[in-house]
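Asker: Here you go, this is model-v2.pdb (PDB, C-alpha atoms).
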ATOM      1  CA  MET A  99     269.392  52.101  80.442
ATOM      2  CA  SER A 100     267.121  53.221  77.625
ATOM      3  CA  LEU A 101     267.387  52.245  73.968
ATOM      4  CA  LEU A 102     266.199  55.647  72.781
ATOM      5  CA  PRO A 103     268.664  58.411  71.972
ATOM      6  CA  GLU A 104     268.850  61.154  74.611
ATOM      7  CA  LYS A 105     266.868  63.684  72.554
ATOM      8  CA  HIS A 106     263.951  61.298  72.024
ATOM      9  CA  GLN A 107     264.023  60.265  75.635
ATOM     10  CA  SER A 108     263.385  63.806  76.818
ATOM     11  CA  ASP A 109     260.556  64.252  74.254
ATOM     12  CA  ALA A 110     258.869  61.081  75.405
ATOM     13  CA  HIS A 111     258.952  62.244  79.002
ATOM     14  CA  ASN A 112     257.523  65.669  78.245
ATOM     15  CA  GLU A 113     254.428  64.571  76.272
ATOM     16  CA  ILE A 114     251.473  63.110  78.095
ATOM     17  CA  GLY A 115     249.089  61.268  75.823
ATOM     18  CA  MET A 116     245.650  62.911  76.164
ATOM     19  CA  LEU A 117     243.809  60.674  73.727
ATOM     20  CA  PRO A 118     243.382  57.635  75.999
ATOM     21  CA  MET A 119     242.012  59.880  78.731
ATOM     22  CA  ILE A 120     239.558  61.533  76.339
ATOM     23  CA  ASN A 121     238.452  58.102  75.123
ATOM     24  CA  ILE A 122     237.764  56.979  78.669
ATOM     25  CA  ILE A 123     235.869  60.195  79.421
ATOM     26  CA  PHE A 124     233.687  59.608  76.350
ATOM     27  CA  LEU A 125     233.034  56.023  77.395
ATOM     28  CA  LEU A 126     232.074  57.124  80.911
ATOM     29  CA  LEU A 127     229.792  59.787  79.483
ATOM     30  CA  VAL A 128     228.028  57.296  77.200
ATOM     31  CA  PHE A 129     227.700  54.828  80.103
ATOM     32  CA  PHE A 130     226.075  57.338  82.445
ATOM     33  CA  MET A 131     223.826  58.668  79.699
ATOM     34  CA  ILE A 132     222.488  55.226  78.849
ATOM     35  CA  ALA A 133     222.538  53.359  82.163
ATOM     36  CA  GLY A 134     221.646  56.116  84.596
ATOM     37  CA  GLN A 135     218.299  57.705  85.299
ATOM     38  CA  VAL A 136     218.046  61.361  86.164
ATOM     39  CA  ASP A 137     216.631  61.584  89.674
ATOM     40  CA  ARG A 138     213.496  63.723  89.417
ATOM     41  CA  PHE A 139     212.655  63.344  93.087
ATOM     42  CA  SER A 140     215.861  64.245  94.869
ATOM     43  CA  GLY A 141     215.263  64.825  98.559
ATOM     44  CA  LEU A 142     212.481  62.283  98.728
ATOM     45  CA  LEU A 143     213.526  59.078 100.464
ATOM     46  CA  ASN A 144     211.238  56.249  99.360
ATOM     47  CA  PRO A 145     210.426  53.597 101.949
ATOM     48  CA  ALA A 146     212.511  50.430 101.755
ATOM     49  CA  SER A 147     210.736  47.248 100.763
ATOM     50  CA  LEU A 148     211.267  43.703  99.517
ATOM     51  CA  SER A 149     208.520  44.133  96.949
ATOM     52  CA  GLU A 150     209.257  43.314  93.328
ATOM     53  CA  GLY A 151     206.279  45.190  91.893
ATOM     54  CA  VAL A 152     206.940  47.419  88.924
ATOM     55  CA  PRO A 153     205.303  50.867  88.578
ATOM     56  CA  LYS A 154     202.481  51.110  86.070
ATOM     57  CA  GLU A 155     201.607  53.971  83.797
ATOM     58  CA  SER A 156     199.486  56.391  85.736
ATOM     59  CA  SER A 157     197.601  59.566  84.999
ATOM     60  CA  LEU A 158     198.018  60.734  88.585
ATOM     61  CA  GLU A 159     201.382  60.867  90.316
ATOM     62  CA  ILE A 160     201.555  62.324  93.798
ATOM     63  CA  ALA A 161     204.816  63.120  95.598
ATOM     64  CA  LEU A 162     204.847  63.979  99.301
ATOM     65  CA  TYR A 163     208.142  65.336 100.638
ATOM     66  CA  LYS A 164     209.430  65.320 104.190
ATOM     67  CA  ASN A 165     209.549  69.124 104.272
ATOM     68  CA  GLY A 166     205.808  69.264 103.612
ATOM     69  CA  THR A 167     205.885  70.153  99.924
ATOM     70  CA  GLN A 168     203.407  68.238  97.826
ATOM     71  CA  TRP A 169     203.562  67.674  94.085
ATOM     72  CA  VAL A 170     200.871  66.373  91.784
ATOM     73  CA  ASN A 171     201.885  65.374  88.258
ATOM     74  CA  GLY A 172     205.119  67.345  88.530
ATOM     75  CA  VAL A 173     203.511  70.566  89.759
ATOM     76  CA  ALA A 174     204.063  71.884  93.283
ATOM     77  CA  LEU A 175     200.806  72.465  95.118
ATOM     78  CA  GLU A 176     199.968  75.865  96.514
ATOM     79  CA  THR A 177     196.793  74.581  98.132
ATOM     80  CA  THR A 178     196.387  71.581 100.394
ATOM     81  CA  LEU A 179     196.302  68.109  98.880
ATOM     82  CA  ASP A 180     192.661  67.715  99.980
ATOM     83  CA  GLU A 181     191.624  70.824  98.091
ATOM     84  CA  HIS A 182     193.544  69.841  94.997
ATOM     85  CA  LEU A 183     192.196  66.290  94.869
ATOM     86  CA  GLU A 184     188.651  67.505  95.437
ATOM     87  CA  GLY A 185     188.379  68.756  91.888
ATOM     88  CA  LEU A 186     190.057  65.770  90.253
ATOM     89  CA  VAL A 187     188.017  63.210  88.398
ATOM     90  CA  ILE A 188     189.524  59.746  88.233
ATOM     91  CA  PRO A 189     187.926  57.059  86.092
ATOM     92  CA  PRO A 190     187.249  53.660  87.679
ATOM     93  CA  GLY A 191     190.150  51.241  87.359
ATOM     94  CA  SER A 192     192.796  53.960  87.535
ATOM     95  CA  THR A 193     196.148  53.589  89.228
ATOM     96  CA  ILE A 194     197.480  56.329  91.476
ATOM     97  CA  VAL A 195     201.238  56.374  91.885
ATOM     98  CA  THR A 196     202.334  57.823  95.218
ATOM     99  CA  ARG A 197     205.851  58.746  96.232
ATOM    100  CA  VAL A 198     205.969  59.431  99.909
ATOM    101  CA  ASP A 199     208.955  60.060 102.152
ATOM    102  CA  ARG A 200     209.556  57.170 104.548
ATOM    103  CA  ALA A 201     209.874  59.463 107.575
ATOM    104  CA  LEU A 202     206.443  61.026 107.166
ATOM    105  CA  PRO A 203     203.559  59.802 109.311
ATOM    106  CA  ALA A 204     201.342  57.271 107.550
ATOM    107  CA  ASN A 205     198.341  59.563 107.876
ATOM    108  CA  VAL A 206     199.690  61.745 105.043
ATOM    109  CA  LEU A 207     198.026  59.153 102.804
ATOM    110  CA  ASP A 208     194.614  59.882 104.330
ATOM    111  CA  PRO A 209     193.557  62.597 101.849
ATOM    112  CA  ILE A 210     194.309  60.224  98.958
ATOM    113  CA  ILE A 211     192.408  57.342 100.553
ATOM    114  CA  SER A 212     189.412  59.446 101.521
ATOM    115  CA  ARG A 213     189.186  61.031  98.074
ATOM    116  CA  PHE A 214     189.370  57.851  96.025
ATOM    117  CA  ARG A 215     187.799  55.193  98.225
ATOM    118  CA  SER A 216     184.422  55.772  96.633
ATOM    119  CA  VAL A 217     185.781  55.299  93.104
ATOM    120  CA  ASN A 218     185.530  51.717  91.911
ATOM    121  CA  ASP A 219     188.644  49.621  91.574
ATOM    122  CA  VAL A 220     191.239  52.344  92.153
ATOM    123  CA  ARG A 221     194.704  50.945  92.764
ATOM    124  CA  LEU A 222     197.206  52.788  94.915
ATOM    125  CA  GLN A 223     200.853  52.151  94.156
ATOM    126  CA  ILE A 224     203.363  53.283  96.752
ATOM    127  CA  ILE A 225     206.819  53.630  95.279
ATOM    128  CA  THR A 226     209.499  51.900  97.305
ATOM    129  CA  VAL A 227     213.175  51.219  97.012
ATOM    130  CA  ALA A 228     214.729  47.764  97.198
ATOM    131  CA  THR A 229     216.048  46.811 100.618
ATOM    132  CA  LYS A 230     219.800  46.265 100.518
TER     133      LYS A 230
ATOM    134  CA  MET B 232     259.387  80.076  38.265
ATOM    135  CA  HIS B 233     258.075  77.995  40.991
ATOM    136  CA  ASP B 234     254.628  78.591  42.316
ATOM    137  CA  ILE B 235     255.094  77.823  45.878
ATOM    138  CA  ARG B 236     251.808  77.468  47.643
ATOM    139  CA  LYS B 237     251.980  77.408  51.301
ATOM    140  CA  ARG B 238     249.536  74.901  52.595
ATOM    141  CA  LYS B 239     247.888  76.154  55.669
ATOM    142  CA  VAL B 240     247.401  73.516  58.271
ATOM    143  CA  VAL B 241     243.978  73.927  59.841
ATOM    144  CA  ARG B 242     243.843  72.647  63.354
ATOM    145  CA  VAL B 243     240.524  71.984  64.944
ATOM    146  CA  ALA B 244     240.609  73.039  68.555
ATOM    147  CA  LEU B 245     239.530  70.110  70.673
ATOM    148  CA  THR B 246     239.781  71.823  74.027
ATOM    149  CA  PRO B 247     236.255  73.373  74.044
ATOM    150  CA  LEU B 248     234.788  70.029  73.003
ATOM    151  CA  ILE B 249     236.582  68.249  75.829
ATOM    152  CA  ASP B 250     235.408  70.939  78.255
ATOM    153  CA  VAL B 251     231.797  70.381  77.247
ATOM    154  CA  VAL B 252     232.186  66.624  77.496
ATOM    155  CA  PHE B 253     233.618  67.023  81.006
ATOM    156  CA  ILE B 254     230.675  69.181  82.039
ATOM    157  CA  LEU B 255     228.205  66.653  80.614
ATOM    158  CA  LEU B 256     230.017  63.840  82.390
ATOM    159  CA  LEU B 257     229.863  65.692  85.698
ATOM    160  CA  PHE B 258     226.158  66.370  85.189
ATOM    161  CA  PHE B 259     225.339  62.731  84.540
ATOM    162  CA  LEU B 260     227.619  61.566  87.357
ATOM    163  CA  LEU B 261     225.863  63.763  89.877
ATOM    164  CA  THR B 262     222.267  63.350  88.758
ATOM    165  CA  SER B 263     222.143  59.684  87.758
ATOM    166  CA  THR B 264     220.611  57.090  90.002
ATOM    167  CA  PHE B 265     220.838  53.369  89.514
ATOM    168  CA  THR B 266     218.086  52.351  91.905
ATOM    169  CA  PHE B 267     214.975  51.236  90.087
ATOM    170  CA  ASP B 268     211.555  51.923  91.504
ATOM    171  CA  ARG B 269     209.547  49.133  93.064
ATOM    172  CA  THR B 270     205.955  49.383  94.207
ATOM    173  CA  ILE B 271     203.519  48.036  96.722
ATOM    174  CA  ASP B 272     200.034  47.692  95.255
ATOM    175  CA  LEU B 273     196.989  48.399  97.371
ATOM    176  CA  THR B 274     193.341  49.138  97.051
ATOM    177  CA  VAL B 275     191.771  51.931  99.028
ATOM    178  CA  ALA B 276     188.968  50.734 101.250
ATOM    179  CA  GLU B 277     185.823  52.250 102.639
ATOM    180  CA  THR B 278     186.256  52.947 106.349
ATOM    181  CA  VAL B 279     182.831  51.532 107.046
ATOM    182  CA  LEU B 280     181.708  48.602 104.968
ATOM    183  CA  PRO B 281     178.578  49.307 102.947
ATOM    184  CA  SER B 282     175.311  48.135 104.430
ATOM    185  CA  SER B 283     174.615  46.140 101.288
ATOM    186  CA  THR B 284     177.383  43.695 102.187
ATOM    187  CA  PRO B 285     175.863  40.218 102.106
ATOM    188  CA  VAL B 286     175.289  38.701 105.522
ATOM    189  CA  GLU B 287     177.149  35.529 104.612
ATOM    190  CA  SER B 288     180.412  37.317 103.696
ATOM    191  CA  PRO B 289     182.888  37.139 106.603
ATOM    192  CA  PRO B 290     183.951  40.332 108.346
ATOM    193  CA  PRO B 291     187.270  41.730 107.117
ATOM    194  CA  LEU B 292     190.456  41.091 109.025
ATOM    195  CA  ARG B 293     191.653  44.434 110.368
ATOM    196  CA  LEU B 294     195.301  45.182 111.113
ATOM    197  CA  THR B 295     196.491  48.336 112.826
ATOM    198  CA  VAL B 296     200.131  49.342 112.470
ATOM    199  CA  ASN B 297     201.477  50.952 115.640
ATOM    200  CA  ASP B 298     204.423  53.305 115.905
ATOM    201  CA  ASP B 299     206.465  50.878 118.047
ATOM    202  CA  ASP B 300     206.895  48.260 115.294
ATOM    203  CA  THR B 301     203.939  46.263 116.482
ATOM    204  CA  VAL B 302     200.724  45.234 114.783
ATOM    205  CA  GLN B 303     197.361  44.904 116.448
ATOM    206  CA  ILE B 304     195.104  42.180 115.082
ATOM    207  CA  GLU B 305     191.719  41.783 116.680
ATOM    208  CA  GLY B 306     192.917  43.099 120.006
ATOM    209  CA  VAL B 307     196.163  41.133 120.151
ATOM    210  CA  VAL B 308     199.481  42.940 119.694
ATOM    211  CA  TYR B 309     202.283  41.255 117.741
ATOM    212  CA  SER B 310     205.785  42.410 116.952
ATOM    213  CA  VAL B 311     206.391  42.938 113.235
ATOM    214  CA  GLU B 312     209.337  40.559 113.469
ATOM    215  CA  ASP B 313     207.299  37.969 115.345
ATOM    216  CA  SER B 314     207.369  34.717 113.383
ATOM    217  CA  GLN B 315     203.850  33.953 114.635
ATOM    218  CA  LEU B 316     202.425  37.038 112.980
ATOM    219  CA  VAL B 317     202.134  35.560 109.503
ATOM    220  CA  SER B 318     200.767  32.210 110.644
ATOM    221  CA  ARG B 319     198.261  34.034 112.831
ATOM    222  CA  ILE B 320     197.116  36.116 109.858
ATOM    223  CA  GLU B 321     196.781  32.975 107.768
ATOM    224  CA  ILE B 322     194.663  31.295 110.430
ATOM    225  CA  LEU B 323     192.453  34.337 110.909
ATOM    226  CA  LYS B 324     192.048  34.830 107.170
ATOM    227  CA  ASN B 325     190.670  31.351 106.679
ATOM    228  CA  GLN B 326     188.876  31.100 110.010
ATOM    229  CA  THR B 327     185.391  31.471 108.622
ATOM    230  CA  GLY B 328     185.832  29.004 105.807
ATOM    231  CA  SER B 329     186.038  31.668 103.123
ATOM    232  CA  LEU B 330     188.860  34.117 102.586
ATOM    233  CA  ARG B 331     188.511  37.330 104.568
ATOM    234  CA  ALA B 332     189.598  40.646 103.168
ATOM    235  CA  VAL B 333     192.603  42.218 104.899
ATOM    236  CA  ILE B 334     192.215  45.876 105.817
ATOM    237  CA  VAL B 335     195.293  47.704 107.047
ATOM    238  CA  SER B 336     195.394  51.030 108.820
ATOM    239  CA  ALA B 337     198.079  52.856 110.781
ATOM    240  CA  THR B 338     197.933  54.900 113.944
ATOM    241  CA  SER B 339     198.615  58.593 113.467
ATOM    242  CA  ARG B 340     202.137  58.246 114.904
ATOM    243  CA  ALA B 341     203.209  55.313 112.746
ATOM    244  CA  SER B 342     205.559  56.263 109.939
ATOM    245  CA  VAL B 343     205.210  55.383 106.290
ATOM    246  CA  GLN B 344     208.209  53.062 106.646
ATOM    247  CA  GLN B 345     206.537  51.156 109.483
ATOM    248  CA  LEU B 346     203.381  50.799 107.412
ATOM    249  CA  ILE B 347     205.354  49.590 104.398
ATOM    250  CA  THR B 348     207.270  47.073 106.535
ATOM    251  CA  VAL B 349     203.997  45.477 107.608
ATOM    252  CA  LEU B 350     202.612  45.519 104.061
ATOM    253  CA  ASP B 351     205.871  43.979 102.931
ATOM    254  CA  THR B 352     205.577  41.196 105.484
ATOM    255  CA  LEU B 353     202.047  40.484 104.287
ATOM    256  CA  ASN B 354     203.054  40.601 100.618
ATOM    257  CA  ALA B 355     206.062  38.373 101.133
ATOM    258  CA  ASN B 356     203.809  35.753 102.709
ATOM    259  CA  GLY B 357     201.225  35.629  99.990
ATOM    260  CA  VAL B 358     198.721  38.151 101.329
ATOM    261  CA  THR B 359     198.483  40.370  98.278
ATOM    262  CA  ASP B 360     194.893  41.563  98.288
ATOM    263  CA  ILE B 361     195.225  44.324 100.856
ATOM    264  CA  ASP B 362     192.977  47.306 101.426
ATOM    265  CA  LEU B 363     194.404  50.413 102.995
ATOM    266  CA  THR B 364     192.159  52.588 105.066
ATOM    267  CA  GLN B 365     192.572  55.896 106.835
ATOM    268  CA  SER B 366     194.686  56.169 109.982
ATOM    269  CA  GLY B 367     192.942  55.587 113.254
ATOM    270  CA  ASN B 368     189.691  54.481 111.663
ATOM    271  CA  GLN B 369     188.710  51.167 113.098
TER     272      GLN B 369
END
Would you put the structure from the file into structure tokens?
Answerer:
Amino acid sequence: MSLLPEKHQSDAHNEIGMLPMINIIFLLLVFFMIAGQVDRFSGLLNPASLSEGVPKESSLEIALYKNGTQWVNGVALETTLDEHLEGLVIPPGSTIVTRVDRALPANVLDPIISRFRSVNDVRLQIITVATK
Amino acid sequence: MHDIRKRKVVRVALTPLIDVVFILLLFFLLTSTFTFDRTIDLTVAETVLPSSTPVESPPPLRLTVNDDDTVQIEGVVYSVEDSQLVSRIEILKNQTGSLRAVIVSATSRASVQQLITVLDTLNANGVTDIDLTQSGNQ
């Protein structure tokens, strides 16, 4: 038994409050905008690792995908990685950030190693994902 | 005479705004990731040590990562999960009295994940100064 008169009862049943829903949508939007990171490397499965190392700023970022596509500093390569790296000059002490798909054979790193092994104090950072 | 002014109620349409907010929400829901990048740090090593290496410096400790989750160290094959692997590396590293460099390579069939697992094992047990060399070069 309701305390509201019959007319008001029917009104209350017909109106669905949209404001709480819109508030929640806004909150979700703000949460995802602030807390999330847009995945720039979708399709590339980083190897799992227990490492706690944090990526450093790097002037050279190489991404090697499972399907064979290779990206250097956000640009897809039309030549082979060897050819592209040949012309690159890296100062001593640089850090090279490499994103490489976990399913690829380890020898995909060979062109990077062979190109930079003669440069003094070059660090190679392989991006990994935390093991669950 | 009464001047009756009809006040026009201006209603701002909220529906397009809500539509846009929904689209933005969907975009962020689908593209956001909450996994933060971690790294394994390495140096890249010469395949052949330079001839100018001092005679007194000990030869580097070479590890080869195989594709069957095993590691070959100086001719002996260990499983990656073998508890003796780390202690063996520690012994070999300090065998000559001074710390030997650790050089890691992988066979051509070993995957990146298998290589990282071995590097991870080394890192987790205090072996952080690791050189990576080309596959199959021993």
Asker: Could you tell me, as a PDB file with C-alpha atoms, in the frame of the given file, which residues have any atom at most 10 Å from (188.3, 53.8, 98.3), counting all atoms listed in the file?
Answerer:
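Result written to out35.pdb:
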ATOM      1  CA  ILE A 210     194.309  60.224  98.958  1.00  0.00           C
ATOM      2  CA  ILE A 211     192.408  57.342 100.553  1.00  0.00           C
ATOM      3  CA  SER A 212     189.412  59.446 101.521  1.00  0.00           C
ATOM      4  CA  ARG A 213     189.186  61.031  98.074  1.00  0.00           C
ATOM      5  CA  PHE A 214     189.370  57.851  96.025  1.00  0.00           C
ATOM      6  CA  ARG A 215     187.799  55.193  98.225  1.00  0.00           C
ATOM      7  CA  SER A 216     184.422  55.772  96.633  1.00  0.00           C
ATOM      8  CA  VAL A 217     185.781  55.299  93.104  1.00  0.00           C
ATOM      9  CA  ASN A 218     185.530  51.717  91.911  1.00  0.00           C
ATOM     10  CA  ASP A 219     188.644  49.621  91.574  1.00  0.00           C
ATOM     11  CA  VAL A 220     191.239  52.344  92.153  1.00  0.00           C
ATOM     12  CA  ARG A 221     194.704  50.945  92.764  1.00  0.00           C
ATOM     13  CA  LEU A 222     197.206  52.788  94.915  1.00  0.00           C
TER      14      LEU A 222
ATOM     15  CA  THR B 274     193.341  49.138  97.051  1.00  0.00           C
ATOM     16  CA  VAL B 275     191.771  51.931  99.028  1.00  0.00           C
ATOM     17  CA  ALA B 276     188.968  50.734 101.250  1.00  0.00           C
ATOM     18  CA  GLU B 277     185.823  52.250 102.639  1.00  0.00           C
ATOM     19  CA  THR B 278     186.256  52.947 106.349  1.00  0.00           C
ATOM     20  CA  ASP B 362     192.977  47.306 101.426  1.00  0.00           C
ATOM     21  CA  LEU B 363     194.404  50.413 102.995  1.00  0.00           C
ATOM     22  CA  THR B 364     192.159  52.588 105.066  1.00  0.00           C
ATOM     23  CA  GLN B 365     192.572  55.896 106.835  1.00  0.00           C
TER      24      GLN B 365
END
Asker: Counting only C-alpha atoms, which residues in chain A sit no more than 7 Å from chain B? For each one, give the nearest pair of atoms and the distance in Å, sorted by chain then residue number, as a Markdown table.
Answerer:
| residue | atom | partner | partner_atom | distance |
| --- | --- | --- | --- | --- |
| A:Leu127 | CA | B:Leu256 | CA | 5.0 |
| A:Phe130 | CA | B:Phe259 | CA | 5.8 |
| A:Met131 | CA | B:Phe259 | CA | 6.5 |
| A:Gly134 | CA | B:Ser263 | CA | 4.8 |
| A:Gln135 | CA | B:Ser263 | CA | 5.0 |
| A:Val136 | CA | B:Ser263 | CA | 4.7 |
| A:Asp137 | CA | B:Thr262 | CA | 6.0 |
| A:Pro145 | CA | B:Gln344 | CA | 5.2 |
| A:Ser147 | CA | B:Asp351 | CA | 6.2 |
| A:Leu148 | CA | B:Asp351 | CA | 6.4 |
| A:Ser149 | CA | B:Ile271 | CA | 6.3 |
| A:Glu150 | CA | B:Arg269 | CA | 5.8 |
| A:Gly151 | CA | B:Thr270 | CA | 4.8 |
| A:Val152 | CA | B:Arg269 | CA | 5.2 |
| A:Pro153 | CA | B:Thr270 | CA | 5.9 |
| A:Arg200 | CA | B:Gln344 | CA | 4.8 |
| A:Ala201 | CA | B:Ser342 | CA | 5.9 |
| A:Leu202 | CA | B:Ser342 | CA | 5.6 |
| A:Pro203 | CA | B:Ser342 | CA | 4.1 |
| A:Ala204 | CA | B:Val343 | CA | 4.5 |
| A:Asn205 | CA | B:Ser366 | CA | 5.4 |
| A:Asp208 | CA | B:Gln365 | CA | 5.1 |
| A:Ile211 | CA | B:Val275 | CA | 5.7 |
| A:Arg215 | CA | B:Val275 | CA | 5.2 |
| A:Val220 | CA | B:Thr274 | CA | 6.2 |
| A:Arg221 | CA | B:Thr274 | CA | 4.8 |
| A:Leu222 | CA | B:Leu273 | CA | 5.0 |
| A:Gln223 | CA | B:Asp272 | CA | 4.7 |
| A:Ile224 | CA | B:Ile271 | CA | 5.2 |
| A:Ile225 | CA | B:Thr270 | CA | 4.5 |
| A:Thr226 | CA | B:Arg269 | CA | 5.1 |
| A:Val227 | CA | B:Arg269 | CA | 5.8 |
| A:Ala228 | CA | B:Arg269 | CA | 6.8 |
Asker: Store the residues of this selection in a file with C-alpha atoms, as a PDB file, in the frame of the given file.
Answerer:
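As written to disk, selection.pdb reads:
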ATOM      1  CA  LEU A 127     229.792  59.787  79.483  1.00  0.00           C
ATOM      2  CA  PHE A 130     226.075  57.338  82.445  1.00  0.00           C
ATOM      3  CA  MET A 131     223.826  58.668  79.699  1.00  0.00           C
ATOM      4  CA  GLY A 134     221.646  56.116  84.596  1.00  0.00           C
ATOM      5  CA  GLN A 135     218.299  57.705  85.299  1.00  0.00           C
ATOM      6  CA  VAL A 136     218.046  61.361  86.164  1.00  0.00           C
ATOM      7  CA  ASP A 137     216.631  61.584  89.674  1.00  0.00           C
ATOM      8  CA  PRO A 145     210.426  53.597 101.949  1.00  0.00           C
ATOM      9  CA  SER A 147     210.736  47.248 100.763  1.00  0.00           C
ATOM     10  CA  LEU A 148     211.267  43.703  99.517  1.00  0.00           C
ATOM     11  CA  SER A 149     208.520  44.133  96.949  1.00  0.00           C
ATOM     12  CA  GLU A 150     209.257  43.314  93.328  1.00  0.00           C
ATOM     13  CA  GLY A 151     206.279  45.190  91.893  1.00  0.00           C
ATOM     14  CA  VAL A 152     206.940  47.419  88.924  1.00  0.00           C
ATOM     15  CA  PRO A 153     205.303  50.867  88.578  1.00  0.00           C
ATOM     16  CA  ARG A 200     209.556  57.170 104.548  1.00  0.00           C
ATOM     17  CA  ALA A 201     209.874  59.463 107.575  1.00  0.00           C
ATOM     18  CA  LEU A 202     206.443  61.026 107.166  1.00  0.00           C
ATOM     19  CA  PRO A 203     203.559  59.802 109.311  1.00  0.00           C
ATOM     20  CA  ALA A 204     201.342  57.271 107.550  1.00  0.00           C
ATOM     21  CA  ASN A 205     198.341  59.563 107.876  1.00  0.00           C
ATOM     22  CA  ASP A 208     194.614  59.882 104.330  1.00  0.00           C
ATOM     23  CA  ILE A 211     192.408  57.342 100.553  1.00  0.00           C
ATOM     24  CA  ARG A 215     187.799  55.193  98.225  1.00  0.00           C
ATOM     25  CA  VAL A 220     191.239  52.344  92.153  1.00  0.00           C
ATOM     26  CA  ARG A 221     194.704  50.945  92.764  1.00  0.00           C
ATOM     27  CA  LEU A 222     197.206  52.788  94.915  1.00  0.00           C
ATOM     28  CA  GLN A 223     200.853  52.151  94.156  1.00  0.00           C
ATOM     29  CA  ILE A 224     203.363  53.283  96.752  1.00  0.00           C
ATOM     30  CA  ILE A 225     206.819  53.630  95.279  1.00  0.00           C
ATOM     31  CA  THR A 226     209.499  51.900  97.305  1.00  0.00           C
ATOM     32  CA  VAL A 227     213.175  51.219  97.012  1.00  0.00           C
ATOM     33  CA  ALA A 228     214.729  47.764  97.198  1.00  0.00           C
TER      34      ALA A 228
END
Asker: Taking only C-alpha atoms into account, which of B:Val251, B:Ile361, B:Val240, B:Leu245 comes nearest Arg331 in chain B?
Answerer: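 The answer is B:Ile361, which sits nearest to Arg331 in chain B.
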Asker: Would you list the contacts of Gln303 in chain B as a PyMOL selection string, taking every protein, DNA or RNA residue within 10 Å and counting only C-alpha atoms, but skipping same-chain residues closer than 3 positions in sequence?
Answerer: chain B and resi 293-297+306-311+316+336-337
Asker: Provide the CA of Leu142 in chain A to CA of Gly172 in chain A distance in Å, to one decimal place.
Answerer: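 About the pair CA of Leu142 in chain A and CA of Gly172 in chain A: they are 13.6 Å apart.
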Asker: Between CA of Asn144 in chain A and CA of Glu176 in chain A, what is the distance in Å, rounded to a tenth?
Answerer: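 CA of Glu176 in chain A lies 22.8 Å from CA of Asn144 in chain A.
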Asker: What does the distance from CA of Ser156 in chain A to CA of Phe139 in chain A come to in Å, to one decimal?
Answerer: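 Separation between CA of Ser156 in chain A and CA of Phe139 in chain A: 16.6 Å.
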Asker: Within 10 Å of (205.1, 68.5, 94.9), in the coordinates the file gives, what residues turn up when you count only C-alpha atoms, written out as JSON, numbers by chain?
Answerer: {"A": [139, 159, 160, 161, 162, 163, 166, 167, 168, 169, 170, 171, 172, 173, 174, 175, 176, 179, 197]}
Asker: Check the smallest atom-to-atom distance from each of B:Glu305, B:Asp360, B:Asp250, B:Glu312 to Ile120 in chain A using all atoms listed in the file, then report the winner.
Answerer: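 For Ile120 in chain A, the nearest of the candidates is B:Asp250.
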Asker: Taking all atoms of range 176-184 of chain A that the file lists, what box with edges along x, y and z, padded by 4 Å per side, do you get, with centre and edge lengths in Å to one decimal, as lines of an AutoDock Vina configuration file?
Answerer:
center_x = 194.3
center_y = 71.1
center_z = 97.6
size_x = 19.3
size_y = 17.6
size_z = 13.5
